[in-house]
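Asker: Sharing entry.cif (mmCIF, C-alpha atoms) below.
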```cif
data_my_file
loop_
_atom_site.label_atom_id
_atom_site.label_comp_id
_atom_site.auth_asym_id
_atom_site.auth_seq_id
_atom_site.Cartn_x
_atom_site.Cartn_y
_atom_site.Cartn_z
CA LYS T 130 93.46 -106.94 -22.74
CA GLY T 131 95.59 -105.37 -25.45
CA THR T 132 94.45 -104.08 -28.78
CA ILE T 133 95.04 -106.57 -31.59
CA ASN T 134 94.92 -106.31 -35.36
CA GLY T 135 94.69 -109.68 -37.13
CA VAL T 136 95.10 -110.21 -40.83
CA SER T 137 95.38 -113.86 -41.77
CA THR T 138 94.95 -117.27 -40.21
CA ASN T 139 95.66 -120.73 -41.58
CA ILE T 140 94.55 -123.90 -39.81
CA GLY T 141 96.00 -127.18 -41.03
CA GLY T 142 94.68 -130.58 -40.08
CA ASN T 143 93.62 -133.73 -41.87
CA LYS T 144 94.16 -133.95 -45.60
CA ASN T 145 91.29 -132.66 -47.71
CA SER T 146 90.67 -134.41 -51.02
CA SER T 147 89.35 -131.16 -52.49
CA PHE T 148 92.96 -129.97 -52.71
CA PRO T 149 95.06 -132.92 -53.87
CA THR T 150 97.94 -131.11 -55.58
CA SER T 151 98.54 -127.50 -54.51
CA PRO T 152 101.43 -127.12 -52.01
CA LEU T 153 99.47 -124.36 -50.25
CA SER T 154 96.20 -126.24 -49.94
CA ASN T 155 97.47 -129.77 -49.34
CA SER T 156 96.08 -130.57 -45.85
CA LEU T 157 94.73 -127.00 -45.59
CA VAL T 158 91.54 -126.83 -43.55
CA GLY T 159 90.95 -123.08 -43.31
CA TYR T 160 92.42 -119.90 -44.79
CA TRP T 161 91.12 -116.57 -43.58
CA LYS T 162 92.70 -113.54 -45.28
CA MET T 163 90.74 -111.19 -42.99
CA ASP T 164 91.03 -108.49 -45.64
CA GLU T 165 87.30 -107.77 -46.06
CA SER T 166 86.42 -104.10 -46.44
CA THR T 167 82.92 -104.48 -44.98
CA ALA T 168 80.82 -106.94 -42.99
CA ASN T 169 78.51 -109.64 -44.38
CA THR T 170 80.40 -110.22 -47.62
CA CYS T 171 80.89 -114.00 -47.45
CA THR T 172 78.89 -116.42 -49.55
CA GLY T 173 77.24 -117.75 -46.39
CA GLY T 174 75.48 -114.42 -45.76
CA THR T 175 75.99 -112.89 -42.31
CA ASN T 176 79.56 -114.06 -41.76
CA ASP T 177 82.32 -111.51 -42.05
CA SER T 178 85.76 -113.19 -42.34
CA CYS T 179 85.56 -115.37 -45.42
CA ASP T 180 87.30 -118.76 -45.64
CA SER T 181 89.32 -119.02 -48.85
CA SER T 182 90.16 -122.71 -48.40
CA GLY T 183 87.01 -123.87 -50.20
CA ASN T 184 85.56 -125.38 -47.02
CA ASP T 185 83.30 -122.38 -46.25
CA PHE T 186 84.32 -122.09 -42.60
CA ASP T 187 83.45 -118.40 -42.58
CA GLY T 188 83.86 -116.40 -39.37
CA ALA T 189 81.48 -113.95 -37.70
CA TRP T 190 82.69 -110.74 -36.08
CA ASN T 191 81.55 -110.23 -32.50
CA GLY T 192 81.60 -107.20 -30.23
CA ASP T 193 83.28 -104.23 -31.89
CA ALA T 194 85.41 -106.31 -34.27
CA THR T 195 85.63 -104.52 -37.59
CA THR T 196 87.85 -103.92 -40.61
CA THR T 197 90.81 -101.56 -40.81
CA ALA T 198 93.23 -100.32 -43.45
CA THR T 199 96.05 -100.50 -40.87
CA ALA T 200 97.27 -103.91 -41.99
CA ARG T 201 100.25 -106.02 -42.92
CA PHE T 202 98.69 -106.72 -46.32
CA ASN T 203 95.77 -104.79 -47.80
CA ARG T 204 93.29 -104.76 -44.89
CA ALA T 205 92.91 -106.45 -41.49
CA THR T 206 90.38 -107.18 -38.78
CA THR T 207 90.83 -105.10 -35.65
CA TYR T 208 89.80 -105.86 -32.06
CA ASP T 209 89.77 -103.28 -29.24
CA GLY T 210 90.57 -105.86 -26.54
CA THR T 211 87.16 -105.77 -24.82
CA GLY T 212 84.88 -108.61 -25.87
CA ASP T 213 85.86 -108.59 -29.56
CA TYR T 214 86.54 -111.77 -31.51
CA THR T 215 85.87 -113.65 -34.73
CA GLN T 216 83.94 -116.88 -34.19
CA ILE T 217 84.05 -119.87 -36.54
CA SER T 218 81.50 -122.63 -36.00
CA ASP T 219 82.84 -126.03 -35.01
CA ASN T 220 83.54 -128.69 -37.60
CA ALA T 221 85.37 -131.99 -37.13
CA LEU T 222 88.07 -130.83 -39.58
CA LEU T 223 88.88 -127.87 -37.33
CA ARG T 224 89.57 -129.96 -34.22
CA PRO T 225 93.23 -130.50 -33.29
CA ASN T 226 92.71 -134.07 -32.01
CA GLY T 227 96.24 -135.32 -31.29
CA GLY T 228 97.73 -133.70 -34.37
CA PRO T 229 99.45 -133.19 -36.66
CA TYR T 230 98.01 -129.68 -36.60
CA THR T 231 99.41 -126.27 -37.45
CA VAL T 232 98.02 -122.80 -36.79
CA SER T 233 99.69 -119.80 -38.42
CA PHE T 234 98.54 -116.18 -38.44
CA TRP T 235 99.64 -112.57 -38.66
CA ALA T 236 98.85 -110.37 -35.65
CA ASN T 237 99.90 -107.03 -34.20
CA PRO T 238 99.52 -107.06 -30.39
CA ALA T 239 100.10 -103.74 -28.65
CA ASN T 240 103.46 -103.08 -27.00
CA THR T 241 102.11 -103.35 -23.46
CA ASP T 242 101.47 -105.94 -20.75
CA GLN T 243 98.24 -107.70 -21.61
CA PHE T 244 96.10 -110.81 -21.58
CA SER T 245 95.15 -111.29 -25.23
CA PRO T 246 93.86 -114.58 -26.67
CA LEU T 247 95.07 -114.81 -30.28
CA PHE T 248 93.56 -118.21 -31.11
CA THR T 249 91.23 -120.42 -29.05
CA LYS T 250 89.62 -123.82 -29.66
CA GLU T 251 88.21 -124.48 -26.23
CA GLN T 252 85.53 -126.57 -24.57
CA SER T 253 83.14 -124.39 -22.58
CA THR T 254 82.28 -126.97 -19.88
CA GLY T 255 83.67 -130.16 -18.34
CA ASP T 256 87.39 -130.92 -18.62
CA LEU T 257 88.00 -127.87 -20.82
CA GLU T 258 89.77 -129.50 -23.74
CA GLN T 259 91.60 -126.66 -25.39
CA LEU T 260 94.21 -125.28 -27.72
CA ASP T 261 94.87 -121.70 -26.66
CA ILE T 262 97.49 -119.31 -28.05
CA GLU T 263 97.69 -116.18 -25.91
CA VAL T 264 99.85 -113.20 -25.02
CA CYS T 265 100.13 -112.96 -21.24
CA GLY T 266 102.52 -113.08 -18.29
CA ASN T 267 102.70 -116.71 -17.11
CA THR T 268 101.77 -120.30 -17.99
CA ASN T 269 98.31 -119.93 -16.43
CA CYS T 270 97.77 -116.51 -18.03
CA SER T 271 96.78 -115.32 -14.56
CA ALA T 272 99.06 -112.29 -15.00
CA THR T 273 99.43 -109.81 -17.84
CA GLY T 274 102.61 -109.73 -19.87
CA GLN T 275 104.07 -109.80 -23.38
CA ASN T 276 105.08 -113.45 -23.69
CA LEU T 277 103.46 -116.15 -25.81
CA ASN T 278 101.69 -118.95 -23.98
CA VAL T 279 100.43 -122.10 -25.72
CA TRP T 280 98.11 -124.42 -23.84
CA PHE T 281 97.34 -127.84 -25.42
CA ARG T 282 95.14 -129.65 -22.93
CA GLN T 283 92.82 -132.65 -22.84
CA ASN T 284 92.17 -132.57 -19.07
CA ASP T 285 94.02 -131.95 -15.79
CA ALA T 286 96.01 -135.16 -16.18
CA ASN T 287 97.04 -134.80 -19.84
CA GLU T 288 98.35 -131.47 -21.07
CA ARG T 289 101.29 -129.65 -22.62
CA ARG T 290 102.15 -125.98 -22.14
CA PHE T 291 104.77 -123.70 -23.64
CA PHE T 292 105.62 -120.25 -22.27
CA SER T 293 108.10 -118.23 -24.30
CA ALA T 294 111.26 -116.71 -22.86
CA ALA T 295 110.98 -113.72 -25.19
CA ASP T 296 108.43 -110.96 -25.38
CA VAL T 297 106.38 -111.32 -28.55
CA ALA T 298 104.20 -108.19 -28.42
CA ASP T 299 105.93 -105.01 -29.56
CA GLY T 300 103.31 -103.13 -31.58
CA ASN T 301 104.53 -104.56 -34.89
CA TRP T 302 103.17 -107.19 -37.25
CA HIS T 303 104.50 -110.72 -36.73
CA MET T 304 103.72 -114.17 -38.06
CA TYR T 305 102.90 -116.54 -35.19
CA THR T 306 102.97 -120.29 -35.81
CA VAL T 307 102.25 -123.24 -33.52
CA VAL T 308 102.97 -126.81 -34.66
CA ILE T 309 101.46 -129.76 -32.82
CA ASP T 310 103.73 -132.62 -33.83
CA SER T 311 102.05 -135.94 -33.08
CA GLU T 312 105.06 -137.97 -34.25
CA THR T 313 107.49 -136.45 -31.77
CA GLN T 314 104.73 -135.44 -29.34
CA THR T 315 106.05 -131.91 -29.04
CA LEU T 316 104.84 -128.34 -29.42
CA ARG T 317 106.98 -126.08 -31.60
CA VAL T 318 106.35 -122.34 -31.55
CA TYR T 319 107.67 -119.78 -34.05
CA VAL T 320 107.58 -116.03 -34.56
CA ASP T 321 108.48 -114.84 -38.06
CA GLY T 322 109.84 -118.30 -38.82
CA VAL T 323 112.26 -118.35 -35.87
CA GLN T 324 111.62 -121.06 -33.28
CA LEU T 325 111.06 -119.65 -29.80
CA THR T 326 112.88 -120.83 -26.71
CA ALA T 327 110.71 -121.72 -23.74
CA ALA T 328 111.08 -120.03 -20.38
CA SER T 329 109.02 -122.88 -18.97
CA THR T 330 107.06 -125.90 -20.16
CA ILE T 331 104.58 -128.29 -18.59
CA THR T 332 104.41 -131.95 -19.63
CA ASP T 333 101.71 -133.87 -17.78
CA GLY T 334 100.47 -137.38 -18.56
CA ALA T 335 99.81 -138.76 -22.02
CA TRP T 336 99.86 -136.79 -25.26
CA PRO T 337 96.58 -134.79 -25.32
CA VAL T 338 93.70 -135.36 -27.72
CA VAL T 339 91.57 -132.25 -28.18
CA ASP T 340 88.34 -133.18 -29.95
CA ASN T 341 85.75 -130.85 -28.42
CA SER T 342 82.81 -129.69 -30.50
CA ASP T 343 82.55 -126.20 -28.91
#
```
Go through the file and emit its structure as C-alpha cells.
Answerer:
Amino acid sequence: KGTINGVSTNIGGNKNSSFPTSPLSNSLVGYWKMDESTANTCTGGTNDSCDSSGNDFDGAWNGDATTTATARFNRATTYDGTGDYTQISDNALLRPNGGPYTVSFWANPANTDQFSPLFTKEQSTGDLEQLDIEVCGNTNCSATGQNLNVWFRQNDANERRFFSAADVADGNWHMYTVVIDSETQTLRVYVDGVQLTAASTITDGAWPVVDNSD
C-alpha cells in the first residue's frame, strides 16, 4: 500500500432539515476537515476526526493514523499504508443506497504503484455491498498501480465499476470526487474538477442499491 495524507472529506446524501438554506450544507451528510492537531478532540470523546456537518459522525483513527502539518490546508491526517484508517460508525444517512450520492475529498497518494483504499463503505460478509474508491492497477484491484478504481456494487449480478485511463497518484494533493447519479444511472469521477476518462467500465444487471449497515 502507498502512503496517503488525507485532509478533507464530504459525503452528500439525503437532504438534512438541519441545513435548509446554506449552499454548502444543503444535502450535506458529513464534513470532515481532518485538520485536528491532536487525538480525542471531538465532542464525542475518543473520536479523532471531527464531523463539522452538525451530524456528529466523528471518525476514530486506527493503526498508526495521526495528524501532520504536511497538508493542503492547515493540517491533515496521515496514514503509513499498513493497517491505518479512519473509521466512522454506520448511520442510515451515510449509506449510498441507489443515490444520488457524492463523495469528495483531498488526498495525496504517493507517486508509486500501490493498492490504497481512499474511501470504503463495504459490507463485511454476504454479498459484499460496497462503494470503494481506490488507487490500484486494475478493475479488481488485484494488481498495484496508480489509477483510480471505483466499485459500486450490490452483489455479483448488479454492479458498476469505473477504472481510470489516467494515473491519479503523483505525490501531490488532489481533489477526488465521485458522483453516483441515480437519474442517469451513471458514475462520474473527477480529479481537481476535471472529469476522468475510463480505461474500462463494468455494467452488470440493474442499478445497484448499497444499503449495508457495516
Asker: Dump as a tab-separated table the rows for residues of segment 147-248 of chain T within 10 Å of segment 282-297 of chain T: closest atom pair and distance in Å with one decimal, all atoms listed in the file counted, ordered by chain and rising residue number.
Answerer:
```
residue	atom	partner	partner_atom	distance
T:Asn226	CA	T:Gln283	CA	9.3
T:Gly227	CA	T:Gln283	CA	9.5
T:Asn237	CA	T:Val297	CA	9.6
T:Pro238	CA	T:Val297	CA	8.3
T:Ala239	CA	T:Val297	CA	9.8
T:Asn240	CA	T:Val297	CA	8.9
T:Asp242	CA	T:Asp296	CA	9.8
```
Asker: To one decimal place, how far is atom CA of Gly274 of chain T from atom CA of Leu257 of chain T in Å?
Answerer: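 About the pair atom CA of Gly274 of chain T and atom CA of Leu257 of chain T: they are 23.3 Å apart.
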Asker: Report the distance between atom CA of Glu312 of chain T and atom CA of Ser181 of chain T in Å, rounded to one decimal place.
Answerer: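 Atom CA of Ser181 of chain T lies at a distance of 28.6 Å from atom CA of Glu312 of chain T.
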Asker: Adding 4 Å on each side of the box along x, y and z that holds all listed atoms of segment 194-203 of chain T, could you give its centre and edge lengths in Å to one decimal, as JSON?
Answerer:
```
{"center_x": 92.8, "center_y": -103.5, "center_z": -41.0, "size_x": 22.8, "size_y": 14.4, "size_z": 21.5}
```
Asker: Could you name the residues that touch segment 301-303 of chain T at 8 Å or less, counting only C-alpha atoms, but leaving out those on the same chain fewer than 2 positions away, as an NGL selection string?
Answerer: :T and (201 or 235-239 or 298-299 or 305 or 320-321)
Asker: Compare T:Ala189, T:Leu325, T:Leu223, T:Ala194 by their minimum atom-to-atom distance to Asp177 of chain T, counting all atoms listed in the file, and give me the closest one.
Answerer: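 For Asp177 of chain T, the nearest of the given residues is T:Ala189.
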Asker: Written as a PyMOL selection string, which residues does the PyMOL selection byres ((chain T and resi 307) around 8) give for the file shown?
Answerer: chain T and resi 231-233+305-306+308-309+316-319
Asker: Residues around (80.8, -115.8, -38.5), cut-off 7 Å, counting only C-alpha atoms - what are they as a ChimeraX atom specification?
Answerer: /T:175-178,187-190,215-217
Asker: Run the PyMOL selection byres ((chain T and resi 267-272) around 12) against the file shown and list the residues it catches, as a count of residues only.
Answerer: 34
Asker: Between atom CA of Pro225 of chain T and atom CA of Val338 of chain T, measure the distance and give it in Å to one decimal.
Answerer: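 Atom-to-atom, atom CA of Pro225 of chain T and atom CA of Val338 of chain T are spaced 7.4 Å apart.
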Asker: Apply the PyMOL selection byres ((chain T and resi 254) around 12) to the structure shown and report the selected residues as number ranges by chain.
Answerer: T: 251-253, 255-259, 284, 341-343
Asker: Skipping near chain neighbours, those fewer than 4 positions away, what residues fall within 10 Å of Asp193 of chain T using all atoms listed in the file, listed as a list in words?
Answerer: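 Residues near the query, excluding close chain neighbours: Thr207, Tyr208, Asp209, Gly210, Thr211, Gly212, Asp213 and Tyr214 of chain T.
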Asker: For the selection you just gave me, I'd like the residues written to a file as a compact mmCIF listing (two decimals), in the frame of the given file, keeping C-alpha atoms.
Answerer:
```
# COMPACT_ATOMS: atom_id res chain seq x y z
CA THR T 207 90.83 -105.10 -35.65
CA TYR T 208 89.80 -105.86 -32.06
CA ASP T 209 89.77 -103.28 -29.24
CA GLY T 210 90.57 -105.86 -26.54
CA THR T 211 87.16 -105.77 -24.82
CA GLY T 212 84.88 -108.61 -25.87
CA ASP T 213 85.86 -108.59 -29.56
CA TYR T 214 86.54 -111.77 -31.51
```
Asker: Please complete segment 258-290 of chain T so it has N, CA and C atoms, and hand it over as a compact mmCIF listing (two decimals), in the frame of the given file.
Answerer:
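File out_9.txt, as written:
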```
# COMPACT_ATOMS: atom_id res chain seq x y z
N GLU T 258 88.82 -129.21 -22.66
CA GLU T 258 89.77 -129.50 -23.74
C GLU T 258 90.06 -128.19 -24.48
N GLN T 259 91.32 -127.96 -24.80
CA GLN T 259 91.60 -126.66 -25.39
C GLN T 259 92.94 -126.63 -26.12
N LEU T 260 92.97 -125.78 -27.14
CA LEU T 260 94.21 -125.28 -27.72
C LEU T 260 94.10 -123.77 -27.68
N ASP T 261 94.89 -123.15 -26.82
CA ASP T 261 94.87 -121.70 -26.66
C ASP T 261 96.25 -121.14 -26.99
N ILE T 262 96.27 -120.05 -27.75
CA ILE T 262 97.49 -119.31 -28.05
C ILE T 262 97.24 -117.88 -27.57
N GLU T 263 98.00 -117.43 -26.59
CA GLU T 263 97.69 -116.18 -25.91
C GLU T 263 98.95 -115.37 -25.64
N VAL T 264 98.80 -114.08 -25.54
CA VAL T 264 99.85 -113.20 -25.02
C VAL T 264 99.49 -112.87 -23.59
N CYS T 265 100.40 -113.20 -22.66
CA CYS T 265 100.13 -112.96 -21.24
C CYS T 265 101.44 -113.03 -20.46
N GLY T 266 101.33 -113.20 -19.11
CA GLY T 266 102.52 -113.08 -18.29
C GLY T 266 103.00 -114.33 -17.60
N ASN T 267 102.24 -115.46 -17.70
CA ASN T 267 102.70 -116.71 -17.11
C ASN T 267 101.96 -117.88 -17.75
N THR T 268 102.31 -119.12 -17.33
CA THR T 268 101.77 -120.30 -17.99
C THR T 268 100.29 -120.51 -17.72
N ASN T 269 99.75 -119.86 -16.69
CA ASN T 269 98.31 -119.93 -16.43
C ASN T 269 97.57 -118.73 -17.02
N CYS T 270 98.33 -117.78 -17.57
CA CYS T 270 97.77 -116.51 -18.03
C CYS T 270 96.94 -115.84 -16.93
N SER T 271 97.42 -115.99 -15.68
CA SER T 271 96.78 -115.32 -14.56
C SER T 271 97.41 -113.95 -14.30
N ALA T 272 98.42 -113.60 -15.09
CA ALA T 272 99.06 -112.29 -15.00
C ALA T 272 99.24 -111.74 -16.41
N THR T 273 99.20 -110.43 -16.53
CA THR T 273 99.43 -109.81 -17.84
C THR T 273 100.91 -109.82 -18.16
N GLY T 274 101.23 -109.75 -19.43
CA GLY T 274 102.61 -109.73 -19.87
C GLY T 274 102.69 -109.63 -21.37
N GLN T 275 103.86 -109.91 -21.94
CA GLN T 275 104.07 -109.80 -23.38
C GLN T 275 104.70 -111.06 -23.96
N ASN T 276 104.54 -112.18 -23.24
CA ASN T 276 105.08 -113.45 -23.69
C ASN T 276 103.99 -114.27 -24.38
N LEU T 277 104.41 -115.28 -25.12
CA LEU T 277 103.46 -116.15 -25.81
C LEU T 277 103.27 -117.43 -25.02
N ASN T 278 102.02 -117.75 -24.72
CA ASN T 278 101.69 -118.95 -23.98
C ASN T 278 100.82 -119.85 -24.85
N VAL T 279 101.21 -121.12 -24.96
CA VAL T 279 100.43 -122.10 -25.72
C VAL T 279 99.99 -123.18 -24.75
N TRP T 280 98.70 -123.47 -24.76
CA TRP T 280 98.11 -124.42 -23.84
C TRP T 280 97.39 -125.48 -24.67
N PHE T 281 97.92 -126.71 -24.68
CA PHE T 281 97.34 -127.84 -25.42
C PHE T 281 96.92 -128.86 -24.37
N ARG T 282 95.61 -128.98 -24.13
CA ARG T 282 95.14 -129.65 -22.93
C ARG T 282 93.93 -130.52 -23.22
N GLN T 283 93.98 -131.77 -22.78
CA GLN T 283 92.82 -132.65 -22.84
C GLN T 283 92.04 -132.61 -21.52
N ASN T 284 92.76 -132.65 -20.41
CA ASN T 284 92.17 -132.57 -19.07
C ASN T 284 93.31 -132.28 -18.09
N ASP T 285 92.99 -132.28 -16.79
CA ASP T 285 94.02 -131.95 -15.79
C ASP T 285 95.21 -132.90 -15.84
N ALA T 286 94.95 -134.15 -16.22
CA ALA T 286 96.01 -135.16 -16.18
C ALA T 286 96.86 -135.18 -17.44
N ASN T 287 96.34 -134.68 -18.55
CA ASN T 287 97.04 -134.80 -19.84
C ASN T 287 97.08 -133.44 -20.53
N GLU T 288 98.23 -132.80 -20.46
CA GLU T 288 98.35 -131.47 -21.07
C GLU T 288 99.81 -131.15 -21.38
N ARG T 289 99.98 -130.20 -22.30
CA ARG T 289 101.29 -129.65 -22.62
C ARG T 289 101.15 -128.12 -22.65
N ARG T 290 102.15 -127.45 -22.09
CA ARG T 290 102.15 -125.98 -22.14
C ARG T 290 103.54 -125.49 -22.54
```
